[in-house]
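Visitor: Have a look at the structure that comes next, please.
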Amino acid sequence: MRFRFRSFERNERTQAVPEAGKEGPYRVHFRRAGALLLTATLTVAAVVMFGSIVQSDGYDWLDVPRVALIAIAGFWLAWGTCTAVLGVLFDPDPRRRTEDISACRTAILMPVYNESAEPVMARLETMIRQLTDSDSASGFEVFLLSDSTRPEAVVAEQAAFARLQQRVGDLLPLYYRHREKNSGRKAGNIADFVRRSGGGYDFMLVLDADSLMRGETIIEMVRRMAAEPQMGLLQSLPQTIGMKTLFGRLLQFSSFLYGPSFARGVAALQGTAGPFWGHNALIRVEAFARSCGMQPLKGRPPFGGHVLSHDTVEAALLARDGWLVRLDPDLTGSYEEAPPNLIEYAKRDRRWCQGNLQHARVLTAPRLKLWSRAMIVQGIFSYLGSPVWLLFLLSTLAAPLFAMAPVYFDERVPFPIFPHPETSKALALLFGVVVLLIVPKASLLVRVILQGQAKRFGSILRVTLSAIIELFLTSLFAPVHMMFQTRSVLQVMMGADGGWPASAREDGGLSFLASFKASWWMAFGGIAALAYCYEASPDLLPWLMPVAIPLAVAPLLVWMSGSLFIGQKMTQAGVFLTPIEVDGDPAVQLYRRLSGEVWTGEGTTAAAEPSPLNPALA
Amino acid sequence: MDREHLSDIAPLVTPAHSEGLPGLPNFPLTMPDHDLAAIPLHKTVSVSWFRQALSGVFGAPSHVLPVRVEQGSASLEH
């Protein structure tokens, strides 16, 4: 009887929400099943190969966790590859849209938390001017939702907002609100808006303080959502702009070269339960109000309290109630900034790590869609993957200590028995791992070249060279990133609440001392691992070096990551160029001009996107 | 679109203005907080996930009987 009652509840909920227009649901299921099958096949192949390698000197107890760890790490790696390859093969269907959106009311929400006020206002002014340049701006209103806690930040943003109102207040309605207590952080900030004012709006465009969107992109999102009454959330594809350091420019280049294809891969599998990345997304206010209110989780942080990475959970809750949640990878003209160096990246990652691991408490919440649960698991494993790889490396280093001595003579056999060499299998496994790492990026690069898009990155030569350097640098940075992530996971597991300090978004460099303080322990670990390996098992040295050497020089790598000088030289050499720098973008150009001439007073030249190919932007 | 039709509760008595700047407009909306408490994993896996996976591949079952709820209890409607 209880089962029937739950069915009734679900029917009632489905009737309350217009029926989701599933576009070819079977194709989505086939894609998911195909990706899962291919991932499982690759994983089994890796496990079988590794199993035969470790048994060459006889099994010992350490081989069991080693095989289990390679299975977990291999599955995660292969799944990422399959998603990326789907992005190469898949092109989304044309989307429905409504031309007349004059009746739609859209709130543009810019939440801020102790941010530098002037760049935020420059972005808002850019978007307002872009929108009002079109014929479809009548339904838009702009909100600055402040959660700032530092009095000087509040005073600065209020003064800047008053100035913004003087400049563009006659173009669109502007509102400012400051919360005395920032309960629930960003999710609480948005929920407060919905409860006070949500009834006045059909849609809300949720931004971050570093968000910038083209006016035409915002209008296109409203057109698409207005055409699909069952749509609860539409996520655009945010790409990184404005970076000057080596690491920042590397991330920026990746977001333009690989980001769209990766997003197509995610979209190929999303069905009606797509992702929400927390910003640069349009949300139906009614759907959000009905479905996305969240009680704090029982217990104390890091696993209890307010849900930190609320975006994934909000997407799952919308999908749970029958609303369509969709990522449209073709919605470009959506920008954000990124951490300028490895330390800032690790600080942001620490917060995301806590938020994603906290999702373990939400994983079995009632009625979530299966794919929503899969996305939550994926988020958790994006952080657990690092300690899994590290454990695998450590257990492999320890394995020779437990290996049995070879037995050359057995009384049942009349001739000596030599250990069976498994070098070829080990090399094949290594080759397989490298292929899984390289194939997605190589195929995405080939797609860009074949589609004639290479000139948007400078030229075929420049984009290929940039991709090779990107691969080399990410291979160097990967062990450092692994160690930072492992430390974050351990901190969260031990119950340490990282809190939510404001991210430093200034595109500044790092001193070597700061780099050393942040990463000396990795250098110590890397050197110790090399020394141990040299003494205990010299055969393992070539296998260990790709990980241990970057760790041994981690302070240098961290310092390099924040280098403005190297970033500038790379740009001058035409490496890591993006379409924004080569072709220009009206929104980014307007933002640079407003930021330099009006808001920060640095002048247009200082704020311009650097490009050796487009003097108009330099 | 009539904005007042979207609000489902009465406007707040005091508009939320801040420091002389235009505060939030008054169009309150009910936003209930949902309990995300986990249900036991084996129940989730054995019933809900399995059913979702099957209906996802083969479509929703066509023989679902309508149910009627009277005074808090559920019964089959023949």
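Starting from 1 in every chain, residues are counted up; chains themselves are A, B, ... following the order of the structure tokens, and ligands are numbered from 1 as listed.
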At most 6 Å is the cut-off: for each residue in chain A with any atom that close to an atom of chain B, write down the nearest atom pair and the distance in Å rounded to one decimal, counting only C-alpha atoms, chain first then increasing number, as CSV.
Guide:
residue,atom,partner,partner_atom,distance
A:Phe5,CA,B:Ala74,CA,5.6
A:Ala103,CA,B:Met1,CA,5.4
A:Tyr175,CA,B:Pro22,CA,5.1
A:Tyr176,CA,B:Gly23,CA,5.2
A:Arg177,CA,B:Gly23,CA,5.4
A:Arg195,CA,B:Leu29,CA,4.8
A:Arg196,CA,B:Pro28,CA,4.3
A:Ser197,CA,B:Phe27,CA,4.1
A:Gly198,CA,B:Leu29,CA,5.7
A:Gly199,CA,B:Ser7,CA,4.0
A:Gly200,CA,B:Arg3,CA,4.6
A:Ala289,CA,B:Met31,CA,4.5
A:Arg290,CA,B:Met31,CA,5.8
A:Gly293,CA,B:Asp33,CA,4.0
A:Met294,CA,B:Asp33,CA,4.6
A:Gln295,CA,B:Asp33,CA,5.2
A:Thr364,CA,B:Ala38,CA,4.9
A:Ala365,CA,B:Ala38,CA,4.4
A:Leu370,CA,B:Trp49,CA,6.0
Visitor: Using only C-alpha atoms, which of the listed residues (A:Ile128, A:Asp147, A:Met375, A:Phe381) sits closest to Asp170 in chain A?
Guide: A:Ile128
Visitor: Would you mind telling me which residue in A:Met204, A:Ile219, A:Val88, A:Ala426 lies nearest to Ile53 in chain A when using only C-alpha atoms?
Guide: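 Closest residue, counting only C-alpha atoms: A:Ala426.
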Visitor: Using DSSP assignments from the backbone, pull out every residue in range 196-237 of chain A that falls under strand (DSSP E) and give it to me as a ChimeraX atom specification.
Guide: /A:203-206,212-213,231-235
Visitor: Might you pull out every residue within 6 Å of range 515-526 of chain A, with only C-alpha atoms counted and same-chain residues fewer than 5 positions away left off, and present them as a list of chain:residue names?
Guide: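 Residues meeting the cut-off are A:Ala548, A:Leu551, A:Ala552, A:Val553, A:Ala554, A:Pro555, A:Val558, A:Trp559.
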Visitor: Hey, can you spit out that residue selection with N, CA, C and O atoms as an mmCIF file, in the first residue's frame?
Guide:
data_model
loop_
_atom_site.group_PDB
_atom_site.id
_atom_site.type_symbol
_atom_site.label_atom_id
_atom_site.label_comp_id
_atom_site.auth_asym_id
_atom_site.auth_seq_id
_atom_site.Cartn_x
_atom_site.Cartn_y
_atom_site.Cartn_z
ATOM 1 N N ALA A 548 57.366 11.704 -9.415
ATOM 2 C CA ALA A 548 58.237 12.143 -8.309
ATOM 3 C C ALA A 548 59.043 13.389 -8.673
ATOM 4 O O ALA A 548 59.284 14.241 -7.805
ATOM 5 N N LEU A 551 57.039 16.503 -8.286
ATOM 6 C CA LEU A 551 56.852 16.766 -6.855
ATOM 7 C C LEU A 551 58.133 17.339 -6.239
ATOM 8 O O LEU A 551 58.086 18.265 -5.425
ATOM 9 N N ALA A 552 59.273 16.785 -6.639
ATOM 10 C CA ALA A 552 60.550 17.249 -6.075
ATOM 11 C C ALA A 552 60.795 18.721 -6.398
ATOM 12 O O ALA A 552 61.435 19.434 -5.617
ATOM 13 N N VAL A 553 60.290 19.177 -7.531
ATOM 14 C CA VAL A 553 60.482 20.588 -7.905
ATOM 15 C C VAL A 553 59.169 21.377 -7.774
ATOM 16 O O VAL A 553 58.993 22.413 -8.435
ATOM 17 N N ALA A 554 58.284 20.896 -6.895
ATOM 18 C CA ALA A 554 56.955 21.514 -6.764
ATOM 19 C C ALA A 554 57.027 23.016 -6.465
ATOM 20 O O ALA A 554 56.265 23.792 -7.073
ATOM 21 N N PRO A 555 57.897 23.484 -5.550
ATOM 22 C CA PRO A 555 57.920 24.939 -5.293
ATOM 23 C C PRO A 555 58.210 25.740 -6.558
ATOM 24 O O PRO A 555 57.622 26.809 -6.768
ATOM 25 N N VAL A 558 55.018 25.646 -8.721
ATOM 26 C CA VAL A 558 53.965 26.513 -8.174
ATOM 27 C C VAL A 558 54.303 27.972 -8.477
ATOM 28 O O VAL A 558 53.433 28.757 -8.878
ATOM 29 N N TRP A 559 55.573 28.333 -8.280
ATOM 30 C CA TRP A 559 55.996 29.714 -8.559
ATOM 31 C C TRP A 559 55.814 30.039 -10.051
ATOM 32 O O TRP A 559 55.305 31.102 -10.402
#
